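What follows is a single structure, written as structure tokens, with notes after it.
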Amino acid sequence: MAIQWFPGHMNKAKKAIAERLKSVDMVVEMLDARMPASSENPLLAQLARGKPKLKILNKQDLADPERTAVWLEYFNSREETRSIALDASERQAAQKLIAASRALVPHRSGIDKPLRVLICGIPNVGKSTLINAMLGKKSAKTGNEPGITKAEQRLLLADDFWLYDTPGMLWPKIIVEEGGYNLAAGGAIGRNALDEEEVALELLDYLRRHYLPLLQARYGADKDPSSHWQDDQWLEWVAKKRGALMGGGRPNYQKAAELVLTDFRDGQIGRITLETPQQWETWLKKARQREAELKAQREARKAERKGQAAPKPQQSPQDMED
Ligand code: G4P
């Protein structure tokens with residue numbers, strides 16, 4: 001895959017989160033409703049094992065409502081987990097988050113037993129937007145907490161509701177290839193780290209298979225011929241239709257790819273979700289199988305190298321006689 005993933009200051013974030021987890025009652029994890037599983041953080045799942053979790057499917061206004069309902073059910077069936085869908089800028093966001101959190105940890109309330117919550121999310125998922133919307137005009141108390149990380153803030157959403165905000169954190173590894181492409185399409189991965197043409201082709205491939213009518217409507221394509229097009233034919237069509245052309249009228253694929261990605265991110269193609277729980281399970285299974293195969297191959301090569309490097313067994317006097 002052409003996506004380069006840079007762990008960057010992930011270790012710092014990991015330490016800060018692990019430290020803060022010791023003194024919170026639950027975790028709010030913000031996910032992108034257009035790709036809920038891809039935007040889940042495996043490292044957080046590991047660190048926060050045993051803590052109640054609220055999964056917020058954010059950007060629900062851009063996601064396919066039917067699929068959002070399926071994802072909510074999927075997360076709600078997990079132990080000690082609640083899930084709600086939000087549009088981070090909506091006015092009721094704070095009330096919804098507080099109500100869902102209180103339902104999850106009812107025994108923490110009152111000024112002497114405040115509900116302490118850690119909010120996490122991958123970059124670009126909408127955490128700042130949500131926090132700003134929650135703070136509103138109210139002058140909430142915020143402040144740096146020494147010893148954890150300079151960027152950590154404690155927000156007082158109610159007298160007995162403390163929200164700890166951590167800096168965004170990255171993945172240790174994207175093991176599901178499709179998930180990497182989905183994150184890239186959604187804008188969670190910096191532009192410099194990906195090949196936009198490849199990401200747009202993957203996106204078009206998914207859309208032509210699952211959201212064909214939306215694609216046809218957005219790009220004014222005839223229903224019959226375009227229903228047989230492959231991803232590259234779609235990209236060529238978009239280039240021609242939008243005038244993304246180079247000298248001699250040749251399609252400018254890079255420009256067309258940028259157009260498609262921007263359209264998707266802005267919700268111009270329609271309300272779309274790039275994965276279902278079932279698809280995710282299939283991708284995950286495939287990825288784990290591939291990992292296991294690679295590991296086995298690596299180990300076999302290592303064993304072979306060791307075998308070659310090992311000194312030849314000495315000939316016994318009897319061998320010499322033969
Ligand atoms: P982060 O702190 O998690 O990194 O994300 P941030 O809030 O900065 O949001 C990233 C982008 O996602 C912003 O758009 C923001 O407006 C948009 N966004 C956040 N929540 C929602 C939501 O629920 N629905 C929709 N449709 N968009 C959302 P941007 O284009 O990067 O910035 P701006 O043009 O809004 O300033």
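As shown in the structure tokens, the chain order sets the letters A, B, ...; within each chain, residues go from 1, and ligands are also counted from 1 in the order they appear.
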* **Selection as a ChimeraX atom specification: residues within 9 Å of ligand 1 by only C-alpha atoms and all ligand atoms** => /A:30,32-33,57-62,86-90,120-132,167-168,187-188,265-267
Check which residues of region 32-89 of chain A sit at most 8 Å from region 102-108 of chain A using only C-alpha atoms, and return one row each with the closest pair of atoms and their distance in Å to one decimal, ordered by chain and rising number, as JSON lines.
```
{"residue": "A:Pro52", "atom": "CA", "partner": "A:Leu104", "partner_atom": "CA", "distance": 6.9}
{"residue": "A:Lys53", "atom": "CA", "partner": "A:Leu104", "partner_atom": "CA", "distance": 7.9}
{"residue": "A:Leu54", "atom": "CA", "partner": "A:Leu104", "partner_atom": "CA", "distance": 7.8}
{"residue": "A:Glu80", "atom": "CA", "partner": "A:Leu104", "partner_atom": "CA", "distance": 7.3}
{"residue": "A:Thr81", "atom": "CA", "partner": "A:Leu104", "partner_atom": "CA", "distance": 7.5}
{"residue": "A:Arg82", "atom": "CA", "partner": "A:Leu104", "partner_atom": "CA", "distance": 7.0}
```
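Using only C-alpha atoms, the protein and nucleic acid residues lying no more than 12 Å from region 279-287 of chain A, apart from those fewer than 5 places from it along its own chain, are Met35, Pro36, Ala37, Ser38, Ser39, Glu40, Arg67, Trp71, Tyr74, Lys173, Ile174, Ile175, Val176, Glu177, Glu178, Gly179, Gly180, Asn182, Tyr206, His210, Thr273, Leu274, Ala292, Glu293 and Leu294 of chain A.
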Once you have the residues from the selection above, write them out as an mmCIF file, in the first residue's frame, restricted to N, CA, C and O atoms.
```
data_model
loop_
_atom_site.group_PDB
_atom_site.id
_atom_site.type_symbol
_atom_site.label_atom_id
_atom_site.label_comp_id
_atom_site.auth_asym_id
_atom_site.auth_seq_id
_atom_site.Cartn_x
_atom_site.Cartn_y
_atom_site.Cartn_z
ATOM 1 N N MET A 35 -16.410 5.380 8.903
ATOM 2 C CA MET A 35 -15.482 4.241 8.958
ATOM 3 C C MET A 35 -15.209 3.888 10.425
ATOM 4 O O MET A 35 -14.085 4.048 10.928
ATOM 5 N N PRO A 36 -16.251 3.428 11.133
ATOM 6 C CA PRO A 36 -16.115 3.259 12.585
ATOM 7 C C PRO A 36 -15.012 2.310 13.020
ATOM 8 O O PRO A 36 -14.282 2.616 13.968
ATOM 9 N N ALA A 37 -14.873 1.196 12.341
ATOM 10 C CA ALA A 37 -13.858 0.236 12.799
ATOM 11 C C ALA A 37 -12.459 0.687 12.400
ATOM 12 O O ALA A 37 -11.516 0.564 13.188
ATOM 13 N N SER A 38 -12.327 1.233 11.212
ATOM 14 C CA SER A 38 -11.001 1.709 10.779
ATOM 15 C C SER A 38 -10.496 2.808 11.697
ATOM 16 O O SER A 38 -9.291 2.939 11.913
ATOM 17 N N SER A 39 -11.414 3.614 12.234
ATOM 18 C CA SER A 39 -10.969 4.736 13.060
ATOM 19 C C SER A 39 -10.858 4.374 14.543
ATOM 20 O O SER A 39 -10.521 5.212 15.366
ATOM 21 N N GLU A 40 -11.143 3.102 14.856
ATOM 22 C CA GLU A 40 -10.924 2.651 16.229
ATOM 23 C C GLU A 40 -9.436 2.478 16.452
ATOM 24 O O GLU A 40 -8.715 2.103 15.529
ATOM 25 N N ARG A 67 -26.481 2.376 7.869
ATOM 26 C CA ARG A 67 -25.274 1.701 8.352
ATOM 27 C C ARG A 67 -24.891 2.208 9.746
ATOM 28 O O ARG A 67 -24.374 1.439 10.556
ATOM 29 N N TRP A 71 -24.001 -0.066 13.000
ATOM 30 C CA TRP A 71 -22.769 0.076 13.799
ATOM 31 C C TRP A 71 -23.095 0.344 15.270
ATOM 32 O O TRP A 71 -22.411 -0.168 16.170
ATOM 33 N N TYR A 74 -23.901 -2.842 16.801
ATOM 34 C CA TYR A 74 -22.665 -3.640 16.901
ATOM 35 C C TYR A 74 -21.871 -3.255 18.153
ATOM 36 O O TYR A 74 -21.482 -4.096 18.955
ATOM 37 N N LYS A 173 0.057 0.378 14.038
ATOM 38 C CA LYS A 173 0.152 -0.333 12.779
ATOM 39 C C LYS A 173 -1.237 -0.416 12.130
ATOM 40 O O LYS A 173 -2.222 -0.654 12.819
ATOM 41 N N ILE A 174 -1.284 -0.216 10.825
ATOM 42 C CA ILE A 174 -2.567 -0.470 10.140
ATOM 43 C C ILE A 174 -2.460 -1.879 9.589
ATOM 44 O O ILE A 174 -1.704 -2.113 8.647
ATOM 45 N N ILE A 175 -3.180 -2.798 10.181
ATOM 46 C CA ILE A 175 -3.023 -4.163 9.649
ATOM 47 C C ILE A 175 -4.089 -4.474 8.585
ATOM 48 O O ILE A 175 -3.908 -5.352 7.774
ATOM 49 N N VAL A 176 -5.192 -3.737 8.623
ATOM 50 C CA VAL A 176 -6.224 -3.971 7.615
ATOM 51 C C VAL A 176 -6.028 -2.949 6.495
ATOM 52 O O VAL A 176 -6.207 -1.756 6.695
ATOM 53 N N GLU A 177 -5.663 -3.456 5.341
ATOM 54 C CA GLU A 177 -5.347 -2.573 4.219
ATOM 55 C C GLU A 177 -6.547 -1.693 3.846
ATOM 56 O O GLU A 177 -6.414 -0.484 3.639
ATOM 57 N N GLU A 178 -7.712 -2.293 3.809
ATOM 58 C CA GLU A 178 -8.911 -1.536 3.437
ATOM 59 C C GLU A 178 -9.149 -0.398 4.422
ATOM 60 O O GLU A 178 -9.592 0.685 4.056
ATOM 61 N N GLY A 179 -8.839 -0.666 5.702
ATOM 62 C CA GLY A 179 -9.005 0.365 6.730
ATOM 63 C C GLY A 179 -8.074 1.538 6.482
ATOM 64 O O GLY A 179 -8.451 2.697 6.664
ATOM 65 N N GLY A 180 -6.854 1.248 6.041
ATOM 66 C CA GLY A 180 -5.892 2.303 5.719
ATOM 67 C C GLY A 180 -6.416 3.189 4.600
ATOM 68 O O GLY A 180 -6.357 4.416 4.669
ATOM 69 N N ASN A 182 -9.541 3.594 3.791
ATOM 70 C CA ASN A 182 -10.712 4.341 4.261
ATOM 71 C C ASN A 182 -10.295 5.571 5.062
ATOM 72 O O ASN A 182 -10.847 6.653 4.885
ATOM 73 N N TYR A 206 -15.007 1.002 -4.246
ATOM 74 C CA TYR A 206 -16.016 0.691 -3.217
ATOM 75 C C TYR A 206 -17.360 1.331 -3.589
ATOM 76 O O TYR A 206 -18.408 0.702 -3.498
ATOM 77 N N HIS A 210 -20.984 -0.369 -4.048
ATOM 78 C CA HIS A 210 -21.976 -0.235 -2.970
ATOM 79 C C HIS A 210 -22.861 1.009 -3.047
ATOM 80 O O HIS A 210 -23.890 1.065 -2.382
ATOM 81 N N THR A 273 -21.011 5.353 4.043
ATOM 82 C CA THR A 273 -20.182 4.685 5.058
ATOM 83 C C THR A 273 -19.377 3.612 4.342
ATOM 84 O O THR A 273 -19.947 2.811 3.593
ATOM 85 N N LEU A 274 -18.087 3.614 4.547
ATOM 86 C CA LEU A 274 -17.198 2.766 3.747
ATOM 87 C C LEU A 274 -17.011 1.353 4.289
ATOM 88 O O LEU A 274 -16.176 0.616 3.760
ATOM 89 N N ALA A 292 -0.099 -13.901 9.517
ATOM 90 C CA ALA A 292 0.386 -15.198 9.984
ATOM 91 C C ALA A 292 1.244 -15.854 8.914
ATOM 92 O O ALA A 292 2.294 -16.444 9.208
ATOM 93 N N GLU A 293 0.810 -15.729 7.636
ATOM 94 C CA GLU A 293 1.586 -16.328 6.545
ATOM 95 C C GLU A 293 2.956 -15.671 6.428
ATOM 96 O O GLU A 293 3.972 -16.349 6.301
ATOM 97 N N LEU A 294 2.947 -14.338 6.516
ATOM 98 C CA LEU A 294 4.215 -13.611 6.411
ATOM 99 C C LEU A 294 5.167 -14.023 7.524
ATOM 100 O O LEU A 294 6.355 -14.221 7.311
#
```
* Nearest to Leu203 (chain A): which of A:Glu73, A:Glu275, A:Asp224, A:Asp160 is it, counting only C-alpha atoms? -> A:Glu275
* To do: Enumerate, as a PyMOL selection string, the complete set of residues in region 26-222 of chain A that a backbone-based DSSP assignment places in strand (DSSP E).
  => chain A and resi 26-32+53-58+81-85+115-121+144-145+149-158+161-165
* **Nearby residues (only C-alpha atoms) at most 7 Å from Val117 (chain A), same-chain spacing under 5 positions excluded, as a ChimeraX atom specification** => /A:24-28,162-164
* **All alpha helix (DSSP H) positions in region 85-215 of chain A, as number ranges by chain** => A: 93-104, 127-135, 177-186, 196-210, 212-215
Go ahead and save the residues from that selection, with N, CA and C atoms, as a CSV table (one decimal), in the first residue's frame.
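Heads up, here's the output in again.csv:
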```csv
chain,number,residue,atom,x,y,z
A,93,ALA,N,-24.8,18.4,21.7
A,93,ALA,CA,-23.7,17.4,21.8
A,93,ALA,C,-23.3,17.2,23.2
A,94,ALA,N,-23.1,18.2,24.0
A,94,ALA,CA,-22.6,18.1,25.4
A,94,ALA,C,-23.7,17.3,26.2
A,95,GLN,N,-24.9,17.6,26.1
A,95,GLN,CA,-26.0,16.9,26.8
A,95,GLN,C,-26.0,15.4,26.5
A,96,LYS,N,-25.8,15.2,25.2
A,96,LYS,CA,-25.9,13.7,24.7
A,96,LYS,C,-24.7,13.0,25.3
A,97,LEU,N,-23.5,13.6,25.2
A,97,LEU,CA,-22.3,12.9,25.7
A,97,LEU,C,-22.4,12.7,27.3
A,98,ILE,N,-22.9,13.7,28.0
A,98,ILE,CA,-23.0,13.6,29.4
A,98,ILE,C,-24.0,12.5,29.8
A,99,ALA,N,-25.2,12.6,29.2
A,99,ALA,CA,-26.2,11.6,29.5
A,99,ALA,C,-25.7,10.2,29.2
A,100,ALA,N,-25.1,10.0,28.1
A,100,ALA,CA,-24.7,8.6,27.8
A,100,ALA,C,-23.6,8.1,28.7
A,101,SER,N,-22.7,9.1,29.1
A,101,SER,CA,-21.6,8.7,30.1
A,101,SER,C,-22.2,8.4,31.4
A,102,ARG,N,-23.2,9.1,31.9
A,102,ARG,CA,-23.8,8.9,33.2
A,102,ARG,C,-24.5,7.5,33.2
A,103,ALA,N,-25.1,7.2,32.1
A,103,ALA,CA,-25.8,5.9,32.0
A,103,ALA,C,-24.8,4.8,32.1
A,104,LEU,N,-23.6,5.0,31.6
A,104,LEU,CA,-22.6,4.0,31.6
A,104,LEU,C,-22.0,3.8,33.0
A,127,LYS,N,-12.6,15.9,17.4
A,127,LYS,CA,-12.5,16.1,18.8
A,127,LYS,C,-12.5,17.6,19.2
A,128,SER,N,-11.8,18.4,18.5
A,128,SER,CA,-11.7,19.8,18.9
A,128,SER,C,-13.1,20.5,18.6
A,129,THR,N,-13.7,20.1,17.5
A,129,THR,CA,-15.0,20.7,17.2
A,129,THR,C,-16.0,20.3,18.3
A,130,LEU,N,-16.0,19.1,18.7
A,130,LEU,CA,-16.9,18.7,19.8
A,130,LEU,C,-16.6,19.4,21.1
A,131,ILE,N,-15.4,19.5,21.4
A,131,ILE,CA,-15.0,20.1,22.7
A,131,ILE,C,-15.5,21.6,22.6
A,132,ASN,N,-15.2,22.3,21.5
A,132,ASN,CA,-15.6,23.7,21.4
A,132,ASN,C,-17.1,23.8,21.5
A,133,ALA,N,-17.8,22.9,20.8
A,133,ALA,CA,-19.3,23.0,20.8
A,133,ALA,C,-19.8,22.7,22.3
A,134,MET,N,-19.1,21.9,23.0
A,134,MET,CA,-19.5,21.6,24.4
A,134,MET,C,-19.2,22.7,25.3
A,135,LEU,N,-18.1,23.4,25.1
A,135,LEU,CA,-17.8,24.5,25.9
A,135,LEU,C,-18.7,25.7,25.7
A,177,GLU,N,-5.7,-3.5,5.3
A,177,GLU,CA,-5.3,-2.6,4.2
A,177,GLU,C,-6.5,-1.7,3.8
A,178,GLU,N,-7.7,-2.3,3.8
A,178,GLU,CA,-8.9,-1.5,3.4
A,178,GLU,C,-9.1,-0.4,4.4
A,179,GLY,N,-8.8,-0.7,5.7
A,179,GLY,CA,-9.0,0.4,6.7
A,179,GLY,C,-8.1,1.5,6.5
A,180,GLY,N,-6.9,1.2,6.0
A,180,GLY,CA,-5.9,2.3,5.7
A,180,GLY,C,-6.4,3.2,4.6
A,181,TYR,N,-7.0,2.6,3.6
A,181,TYR,CA,-7.5,3.3,2.5
A,181,TYR,C,-8.7,4.2,2.9
A,182,ASN,N,-9.5,3.6,3.8
A,182,ASN,CA,-10.7,4.3,4.3
A,182,ASN,C,-10.3,5.6,5.1
A,183,LEU,N,-9.3,5.4,5.9
A,183,LEU,CA,-8.8,6.5,6.7
A,183,LEU,C,-8.2,7.6,5.8
A,184,ALA,N,-7.5,7.2,4.8
A,184,ALA,CA,-7.0,8.1,3.8
A,184,ALA,C,-8.1,8.8,3.1
A,185,ALA,N,-9.1,8.1,2.7
A,185,ALA,CA,-10.2,8.8,1.9
A,185,ALA,C,-10.9,9.8,2.8
A,186,GLY,N,-11.0,9.4,4.1
A,186,GLY,CA,-11.7,10.3,5.0
A,186,GLY,C,-10.9,11.5,5.5
A,196,GLU,N,-2.7,10.0,-3.7
A,196,GLU,CA,-4.1,10.3,-3.8
A,196,GLU,C,-4.8,9.5,-4.9
A,197,GLU,N,-4.1,9.3,-6.0
A,197,GLU,CA,-4.7,8.6,-7.1
A,197,GLU,C,-5.1,7.1,-6.7
A,198,GLU,N,-4.2,6.5,-5.9
A,198,GLU,CA,-4.5,5.1,-5.5
A,198,GLU,C,-5.7,5.1,-4.5
A,199,VAL,N,-5.7,6.1,-3.6
A,199,VAL,CA,-6.8,6.2,-2.6
A,199,VAL,C,-8.1,6.4,-3.3
A,200,ALA,N,-8.1,7.4,-4.3
A,200,ALA,CA,-9.3,7.7,-5.0
A,200,ALA,C,-9.8,6.4,-5.8
A,201,LEU,N,-8.9,5.7,-6.4
A,201,LEU,CA,-9.3,4.5,-7.1
A,201,LEU,C,-9.9,3.5,-6.2
A,202,GLU,N,-9.4,3.3,-5.0
A,202,GLU,CA,-9.9,2.4,-4.0
A,202,GLU,C,-11.3,2.8,-3.6
A,203,LEU,N,-11.4,4.2,-3.4
A,203,LEU,CA,-12.7,4.7,-3.0
A,203,LEU,C,-13.8,4.5,-4.1
A,204,LEU,N,-13.4,4.8,-5.4
A,204,LEU,CA,-14.3,4.6,-6.5
A,204,LEU,C,-14.7,3.2,-6.7
A,205,ASP,N,-13.8,2.3,-6.4
A,205,ASP,CA,-14.1,0.9,-6.5
A,205,ASP,C,-15.2,0.5,-5.5
A,206,TYR,N,-15.0,1.0,-4.2
A,206,TYR,CA,-16.0,0.7,-3.2
A,206,TYR,C,-17.4,1.3,-3.6
A,207,LEU,N,-17.3,2.6,-4.0
A,207,LEU,CA,-18.5,3.3,-4.3
A,207,LEU,C,-19.3,2.7,-5.5
A,208,ARG,N,-18.5,2.2,-6.5
A,208,ARG,CA,-19.2,1.7,-7.7
A,208,ARG,C,-19.9,0.3,-7.3
A,209,ARG,N,-19.3,-0.3,-6.3
A,209,ARG,CA,-19.9,-1.6,-5.9
A,209,ARG,C,-21.1,-1.4,-4.8
A,210,HIS,N,-21.0,-0.4,-4.0
A,210,HIS,CA,-22.0,-0.2,-3.0
A,210,HIS,C,-22.9,1.0,-3.0
A,212,LEU,N,-23.5,2.9,-6.2
A,212,LEU,CA,-23.5,3.2,-7.6
A,212,LEU,C,-24.4,4.4,-8.0
A,213,PRO,N,-25.7,4.3,-7.5
A,213,PRO,CA,-26.6,5.4,-7.9
A,213,PRO,C,-26.1,6.8,-7.5
A,214,LEU,N,-25.5,6.8,-6.3
A,214,LEU,CA,-24.9,8.1,-5.9
A,214,LEU,C,-23.8,8.6,-6.8
A,215,LEU,N,-23.0,7.7,-7.2
A,215,LEU,CA,-21.8,8.0,-8.0
A,215,LEU,C,-22.4,8.5,-9.4
```
* To do: Rank nothing, just name the residue among A:Gln46, A:Ile84, A:Tyr211, A:Glu79 nearest to Ser227 (chain A), using only C-alpha atoms.
  => A:Tyr211
* Structure fact -> One decimal place gives the CA of Ala256 (chain A)-CA of Thr276 (chain A) separation as 27.0 Å
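The residue that comes closest to Lys51 (chain A), out of A:Lys306, A:Arg116, A:Arg91, A:His228 and on the basis of only C-alpha atoms, is A:Arg116.
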* Which residue of A:Gly243, A:Pro251, A:Pro225, A:Gly110 approaches Phe161 (chain A) most closely, using only C-alpha atoms -> A:Gly110
